Every structure is written in C-alpha cells, then in structure tokens.
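Student: Below you'll find the structure I mean.
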Amino acid sequence: MKLGLICVGRLKAGPERELYSRYAERIGAFRRLGLEGIELKEIDESKAASAAERSSREGAELLAALVPESRLAAFDERGQAATSAAFAKFIADERDQGRKALWFAIGGAEGLDESVRARATAVFSFGAMTLPHQLARILAAEQIYRAMTILSGHPYHRA
C-alpha cells in the first residue's frame, strides 16, 4: 500500500524540511511491511478574502489531488486522539483490506474544510492545541514512522 501526506502550504528549506525528510526516509525502509514509503504533495495556500472561502478552496484542491481509489485519513484538531498503537493498527487494517493507497491530509491556517473531513475514513488529532502546519506534518511523519516500527516489532516505540 502506498502512503501519502497531502498538505496545505509548503515547507521551506531549513530544519523543518530536513526533519520531515529524515522521517520520510526512515518510513521508506519498511517496504517489507507491504507499505511503499511516503509521498508528499503540497497544495498552495488560498489567497481568498474570507476564511470560509480559503478553507473551501483548499479543501477542493486537496481532494482533487488525491489519486482515484485512495483512502483518506486526516489530521485535524477536531479529530479523535489515538494512541500510537491504535494509529498503527489503523494503518495495518487499511493495508490488510487490500487498499492501494492511504493518504493523510493536513489543512492550512483555517484547518480542514468539512468536505475533506467528510471524505476521510478517520480523522486524528494531535490534541486540542493549534499547531503550525509545518510542525503538524513533522508530527504526522513521525507517527507514521512510529507506526511502522510498532508493526515491525522494532524497539523505537517503548510504550
């Protein structure tokens, strides 16, 4: 199953991009689990005047960028908190059901549009605090990597 992360906004060169790249590289090392690494797609932030219009346009672009037949999960402050083990089980269950691709969405400053949340199979939260999308994508990559280590029995996760 191919994994993907689709985000509003672009990471600039610097420590955030380097850290994301480090986790993406580590995720790619777990192909033996039936997972094909992680692809990153970045959507430009909308310049619309109103917050609602920005969110709507970004949501439409996120959904348009998905490969047909892809499953979608999302990270959003209105989502459900999950343990790392439960998150790993979610990924494994999607893989074991024969899904071709599983994409994770992260919204921009206005959060995810309801259309994206409605399309998502699951909506996860990193907690009630608002995070910059640059940090949210690093946390997403780390949790996906952690899920790979849990599924493989690697000692990285010590819960």
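Labels for the structure tokens follow display order: chains A, B, ..., residues from 1 in each chain, ligands from 1.
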Give me the residues within 10 Å of A:Ile6 as number ranges by chain, counting only C-alpha atoms and dropping any in the same chain fewer than 4 places off.
Tutor: A: 39-43, 62-63, 65-66, 72, 74, 103-107, 137
Student: Would you list, as number ranges by chain, the residues of chain A that end up in alpha helix (DSSP H) under DSSP run on this structure's backbone?
Tutor: A: 15-28, 51-65, 84-96, 114-119, 133-152
Student: To one decimal place in Å, what is the distance between atom CA of A:Glu58 and atom CA of A:Ser46?
Tutor: 6.1 Å
Student: Taking only stretch 25-74 of chain A into account, list the residues labelled strand (DSSP E or B) by DSSP (computed from the backbone), as a ChimeraX atom specification.
Tutor: /A:38-43,71-74
Student: Hey, can you spit out that residue selection with C-alpha atoms as a tab-separated table (two decimals), in the first residue's frame?
Tutor:
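The result, stored in result-v4.tsv:
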chain	number	residue	atom	x	y	z
A	38	ILE	CA	5.53	8.03	1.73
A	39	GLU	CA	4.87	10.58	-0.99
A	40	LEU	CA	4.40	14.27	-0.17
A	41	LYS	CA	2.04	16.57	-2.08
A	42	GLU	CA	1.88	20.24	-1.15
A	43	ILE	CA	-1.07	22.48	-2.04
A	71	ARG	CA	-8.32	6.09	1.10
A	72	LEU	CA	-8.06	9.32	3.03
A	73	ALA	CA	-7.40	9.97	6.70
A	74	ALA	CA	-6.87	13.42	8.15
Student: Quick one: of A:Gly34, A:Tyr23, A:Leu131, A:Ala118, who's nearest to A:Asp93, counting only C-alpha atoms?
Tutor: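 Nearest candidate to A:Asp93 out of A:Gly34, A:Tyr23, A:Leu131, A:Ala118: A:Gly34.
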Student: A:Ser70: which residues within 6 Å, counting only C-alpha atoms, same-chain residues fewer than 2 positions away excluded, as a list of chain:residue names?
Tutor: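 Neighbouring residues, sequence-local ones excluded: A:Val67, A:Pro68, A:Ala101, A:Leu102.
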Student: Rounded to one decimal in Å, what is the spacing between atom CA of A:Glu142 and atom CA of A:Glu16?
Tutor: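 These atoms are spaced 12.3 Å apart.
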Student: For A:Ala60, list every protein, DNA or RNA residue within 8 Å, evaluated using only C-alpha atoms, and leave out those in the same chain fewer than 4 positions away; present the list as a PyMOL selection string.
Tutor: chain A and resi 56+64+115-116
Student: Measuring atom to atom with only C-alpha atoms, identify which of A:Cys7, A:Ala51, A:Ala92, A:Ile150 is nearest to A:Gln134.
Tutor: A:Cys7
Student: Write out as a tab-separated table a residue-level contact list of stretch 71-148 of chain A versus stretch 19-22 of chain A with cut-off 12 Å: for each qualifying residue the closest pair of atoms and the distance in Å to one decimal, counting only C-alpha atoms, rows sorted by chain and residue number upward.
Tutor:
residue	atom	partner	partner_atom	distance
A:Gln134	CA	A:Tyr20	CA	9.1
A:Leu135	CA	A:Tyr20	CA	9.1
A:Ala136	CA	A:Tyr20	CA	10.2
A:Arg137	CA	A:Tyr20	CA	7.4
A:Ile138	CA	A:Tyr20	CA	5.2
A:Leu139	CA	A:Tyr20	CA	8.6
A:Ala140	CA	A:Tyr20	CA	9.2
A:Ala141	CA	A:Tyr20	CA	6.6
A:Glu142	CA	A:Tyr20	CA	8.1
A:Gln143	CA	A:Tyr20	CA	11.4
A:Ile144	CA	A:Tyr20	CA	11.3
A:Tyr145	CA	A:Arg22	CA	10.1
Student: Hey, can you spit out that residue selection with all heavy atoms as a compact mmCIF listing (two decimals), in the first residue's frame?
Tutor:
# COMPACT_ATOMS: atom_id res chain seq x y z
N GLN A 134 3.57 23.28 9.46
CA GLN A 134 4.91 22.73 9.28
C GLN A 134 5.21 21.69 10.37
O GLN A 134 5.76 20.64 10.10
CB GLN A 134 5.99 23.82 9.31
CG GLN A 134 5.87 24.84 8.21
CD GLN A 134 5.04 26.04 8.62
OE1 GLN A 134 4.21 25.99 9.53
NE2 GLN A 134 5.24 27.15 7.93
N LEU A 135 4.86 22.01 11.60
CA LEU A 135 5.09 21.07 12.70
C LEU A 135 4.12 19.89 12.63
O LEU A 135 4.49 18.77 12.95
CB LEU A 135 4.99 21.77 14.05
CG LEU A 135 6.10 22.77 14.38
CD1 LEU A 135 5.87 23.38 15.75
CD2 LEU A 135 7.46 22.12 14.30
N ALA A 136 2.90 20.15 12.20
CA ALA A 136 1.92 19.07 12.10
C ALA A 136 2.39 18.01 11.11
O ALA A 136 2.25 16.81 11.37
CB ALA A 136 0.56 19.62 11.69
N ARG A 137 2.99 18.42 10.02
CA ARG A 137 3.45 17.41 9.05
C ARG A 137 4.64 16.62 9.59
O ARG A 137 4.78 15.44 9.28
CB ARG A 137 3.69 18.00 7.67
CG ARG A 137 5.00 18.64 7.44
CD ARG A 137 5.16 19.10 6.03
NE ARG A 137 4.18 20.12 5.73
CZ ARG A 137 3.97 20.63 4.55
NH1 ARG A 137 4.67 20.21 3.52
NH2 ARG A 137 3.07 21.57 4.36
N ILE A 138 5.48 17.26 10.40
CA ILE A 138 6.59 16.52 11.02
C ILE A 138 6.02 15.52 12.02
O ILE A 138 6.45 14.36 12.06
CB ILE A 138 7.59 17.49 11.68
CG1 ILE A 138 8.32 18.31 10.61
CG2 ILE A 138 8.59 16.72 12.54
CD1 ILE A 138 9.08 19.50 11.15
N LEU A 139 5.05 15.95 12.82
CA LEU A 139 4.41 15.02 13.77
C LEU A 139 3.73 13.88 13.04
O LEU A 139 3.80 12.72 13.47
CB LEU A 139 3.41 15.76 14.65
CG LEU A 139 3.99 16.69 15.70
CD1 LEU A 139 2.89 17.48 16.39
CD2 LEU A 139 4.79 15.90 16.73
N ALA A 140 3.08 14.17 11.92
CA ALA A 140 2.42 13.12 11.14
C ALA A 140 3.46 12.12 10.63
O ALA A 140 3.27 10.90 10.75
CB ALA A 140 1.64 13.73 9.98
N ALA A 141 4.55 12.63 10.08
CA ALA A 141 5.60 11.74 9.57
C ALA A 141 6.20 10.90 10.70
O ALA A 141 6.44 9.70 10.53
CB ALA A 141 6.69 12.55 8.87
N GLU A 142 6.41 11.52 11.85
CA GLU A 142 6.97 10.77 12.98
C GLU A 142 6.00 9.68 13.42
O GLU A 142 6.41 8.55 13.71
CB GLU A 142 7.30 11.70 14.15
CG GLU A 142 8.14 11.06 15.24
CD GLU A 142 7.37 10.14 16.20
OE1 GLU A 142 6.15 10.34 16.37
OE2 GLU A 142 7.99 9.23 16.78
N GLN A 143 4.71 9.97 13.48
CA GLN A 143 3.74 8.97 13.91
C GLN A 143 3.57 7.85 12.89
O GLN A 143 3.38 6.70 13.26
CB GLN A 143 2.39 9.61 14.24
CG GLN A 143 2.38 10.35 15.56
CD GLN A 143 2.68 9.42 16.73
OE1 GLN A 143 1.97 8.45 16.99
NE2 GLN A 143 3.75 9.73 17.46
N ILE A 144 3.69 8.18 11.61
CA ILE A 144 3.66 7.14 10.58
C ILE A 144 4.90 6.26 10.72
O ILE A 144 4.81 5.03 10.67
CB ILE A 144 3.53 7.76 9.18
CG1 ILE A 144 2.15 8.42 9.04
CG2 ILE A 144 3.75 6.70 8.09
CD1 ILE A 144 2.00 9.32 7.82
N TYR A 145 6.05 6.89 10.93
CA TYR A 145 7.27 6.11 11.17
C TYR A 145 7.12 5.24 12.42
O TYR A 145 7.45 4.05 12.42
CB TYR A 145 8.48 7.05 11.31
CG TYR A 145 9.72 6.32 11.79
CD1 TYR A 145 10.36 5.39 10.97
CD2 TYR A 145 10.22 6.54 13.06
CE1 TYR A 145 11.48 4.70 11.43
CE2 TYR A 145 11.34 5.86 13.52
CZ TYR A 145 11.96 4.94 12.69
OH TYR A 145 13.06 4.25 13.15
Student: Counting only C-alpha atoms, which of A:Gly111, A:Gly59, A:Pro15, A:Gly153 gets nearest to A:Phe30?
Tutor: A:Gly153
Student: Just to confirm, what's the straight-line distance from atom CA of A:Gly108 to atom CA of A:Ala24 in Å (one decimal)?
Tutor: 20.6 Å
Student: Which residue is closest to A:Glu36? Choose from A:Pro155, A:Asp76, A:Leu3, A:Ala88 and count only C-alpha atoms.
Tutor: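 Looking only at the distances to A:Glu36, the closest residue turns out to be A:Leu3.
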Student: Write out as JSON, numbers by chain the residues lying within 12 Å of A:Lys47, counting only C-alpha atoms and excluding same-chain residues fewer than 3 positions away.
Tutor: {"A": [9, 44, 50, 51, 52, 53, 54, 55, 56, 57, 58, 108, 109, 110]}
Student: Export, as an mmCIF file, in the first residue's frame, the selected residues with all heavy atoms.
Tutor:
data_model
loop_
_atom_site.group_PDB
_atom_site.id
_atom_site.type_symbol
_atom_site.label_atom_id
_atom_site.label_comp_id
_atom_site.auth_asym_id
_atom_site.auth_seq_id
_atom_site.Cartn_x
_atom_site.Cartn_y
_atom_site.Cartn_z
ATOM 1 N N GLY A 9 0.135 24.316 2.119
ATOM 2 C CA GLY A 9 1.345 25.054 2.460
ATOM 3 C C GLY A 9 2.575 24.284 2.049
ATOM 4 O O GLY A 9 2.518 23.078 1.798
ATOM 5 N N ASP A 44 -0.851 24.840 -2.538
ATOM 6 C CA ASP A 44 -0.657 26.249 -2.190
ATOM 7 C C ASP A 44 -1.786 26.745 -1.294
ATOM 8 O O ASP A 44 -2.950 26.351 -1.470
ATOM 9 C CB ASP A 44 -0.599 27.120 -3.448
ATOM 10 C CG ASP A 44 0.689 26.934 -4.223
ATOM 11 O OD1 ASP A 44 1.726 26.635 -3.595
ATOM 12 O OD2 ASP A 44 0.664 27.081 -5.454
ATOM 13 N N SER A 50 -12.008 35.603 2.446
ATOM 14 C CA SER A 50 -12.614 35.128 3.690
ATOM 15 C C SER A 50 -12.037 33.784 4.107
ATOM 16 O O SER A 50 -11.602 32.978 3.278
ATOM 17 C CB SER A 50 -14.133 35.009 3.540
ATOM 18 O OG SER A 50 -14.471 33.874 2.773
ATOM 19 N N ALA A 51 -12.069 33.540 5.409
ATOM 20 C CA ALA A 51 -11.570 32.267 5.955
ATOM 21 C C ALA A 51 -12.359 31.092 5.395
ATOM 22 O O ALA A 51 -11.782 30.061 5.040
ATOM 23 C CB ALA A 51 -11.644 32.289 7.481
ATOM 24 N N ALA A 52 -13.678 31.235 5.295
ATOM 25 C CA ALA A 52 -14.515 30.149 4.786
ATOM 26 C C ALA A 52 -14.166 29.824 3.340
ATOM 27 O O ALA A 52 -14.087 28.647 2.958
ATOM 28 C CB ALA A 52 -15.992 30.520 4.911
ATOM 29 N N GLU A 53 -13.946 30.846 2.543
ATOM 30 C CA GLU A 53 -13.603 30.628 1.134
ATOM 31 C C GLU A 53 -12.216 30.010 0.999
ATOM 32 O O GLU A 53 -11.994 29.122 0.173
ATOM 33 C CB GLU A 53 -13.689 31.940 0.351
ATOM 34 C CG GLU A 53 -13.453 31.778 -1.142
ATOM 35 C CD GLU A 53 -14.481 30.904 -1.850
ATOM 36 O OE1 GLU A 53 -15.609 30.767 -1.362
ATOM 37 O OE2 GLU A 53 -14.133 30.343 -2.913
ATOM 38 N N ARG A 54 -11.266 30.455 1.836
ATOM 39 C CA ARG A 54 -9.924 29.853 1.812
ATOM 40 C C ARG A 54 -10.004 28.373 2.138
ATOM 41 O O ARG A 54 -9.439 27.533 1.445
ATOM 42 C CB ARG A 54 -8.986 30.572 2.791
ATOM 43 C CG ARG A 54 -8.491 31.916 2.299
ATOM 44 C CD ARG A 54 -7.367 32.475 3.167
ATOM 45 N NE ARG A 54 -7.744 32.721 4.549
ATOM 46 C CZ ARG A 54 -8.331 33.817 4.997
ATOM 47 N NH1 ARG A 54 -8.614 34.815 4.179
ATOM 48 N NH2 ARG A 54 -8.623 33.951 6.279
ATOM 49 N N SER A 55 -10.706 28.044 3.194
ATOM 50 C CA SER A 55 -10.853 26.653 3.612
ATOM 51 C C SER A 55 -11.521 25.823 2.523
ATOM 52 O O SER A 55 -11.076 24.710 2.210
ATOM 53 C CB SER A 55 -11.660 26.588 4.908
ATOM 54 O OG SER A 55 -11.853 25.265 5.311
ATOM 55 N N SER A 56 -12.565 26.355 1.923
ATOM 56 C CA SER A 56 -13.288 25.651 0.870
ATOM 57 C C SER A 56 -12.405 25.396 -0.345
ATOM 58 O O SER A 56 -12.371 24.283 -0.884
ATOM 59 C CB SER A 56 -14.525 26.459 0.471
ATOM 60 O OG SER A 56 -15.195 25.823 -0.594
ATOM 61 N N ARG A 57 -11.684 26.402 -0.785
ATOM 62 C CA ARG A 57 -10.804 26.246 -1.953
ATOM 63 C C ARG A 57 -9.672 25.259 -1.669
ATOM 64 O O ARG A 57 -9.343 24.437 -2.511
ATOM 65 C CB ARG A 57 -10.235 27.604 -2.366
ATOM 66 C CG ARG A 57 -11.253 28.503 -3.029
ATOM 67 C CD ARG A 57 -10.607 29.781 -3.503
ATOM 68 N NE ARG A 57 -11.609 30.708 -4.020
ATOM 69 C CZ ARG A 57 -11.341 31.917 -4.452
ATOM 70 N NH1 ARG A 57 -10.090 32.384 -4.429
ATOM 71 N NH2 ARG A 57 -12.302 32.688 -4.906
ATOM 72 N N GLU A 58 -9.078 25.381 -0.490
ATOM 73 C CA GLU A 58 -8.002 24.450 -0.139
ATOM 74 C C GLU A 58 -8.526 23.021 -0.055
ATOM 75 O O GLU A 58 -7.869 22.079 -0.508
ATOM 76 C CB GLU A 58 -7.347 24.864 1.177
ATOM 77 C CG GLU A 58 -6.558 26.152 1.054
ATOM 78 C CD GLU A 58 -6.135 26.763 2.383
ATOM 79 O OE1 GLU A 58 -6.541 26.253 3.446
ATOM 80 O OE2 GLU A 58 -5.401 27.770 2.338
ATOM 81 N N GLY A 108 -4.509 23.935 6.149
ATOM 82 C CA GLY A 108 -3.755 25.170 6.328
ATOM 83 C C GLY A 108 -4.196 25.912 7.575
ATOM 84 O O GLY A 108 -4.736 25.327 8.523
ATOM 85 N N ALA A 109 -3.994 27.208 7.561
ATOM 86 C CA ALA A 109 -4.278 28.049 8.725
ATOM 87 C C ALA A 109 -5.746 27.998 9.155
ATOM 88 O O ALA A 109 -6.051 28.150 10.333
ATOM 89 C CB ALA A 109 -3.865 29.485 8.431
ATOM 90 N N GLU A 110 -6.639 27.753 8.222
ATOM 91 C CA GLU A 110 -8.073 27.712 8.543
ATOM 92 C C GLU A 110 -8.531 26.309 8.940
ATOM 93 O O GLU A 110 -9.701 26.087 9.208
ATOM 94 C CB GLU A 110 -8.908 28.198 7.343
ATOM 95 C CG GLU A 110 -8.485 29.524 6.754
ATOM 96 C CD GLU A 110 -8.432 30.656 7.758
ATOM 97 O OE1 GLU A 110 -9.161 30.610 8.785
ATOM 98 O OE2 GLU A 110 -7.649 31.592 7.529
#
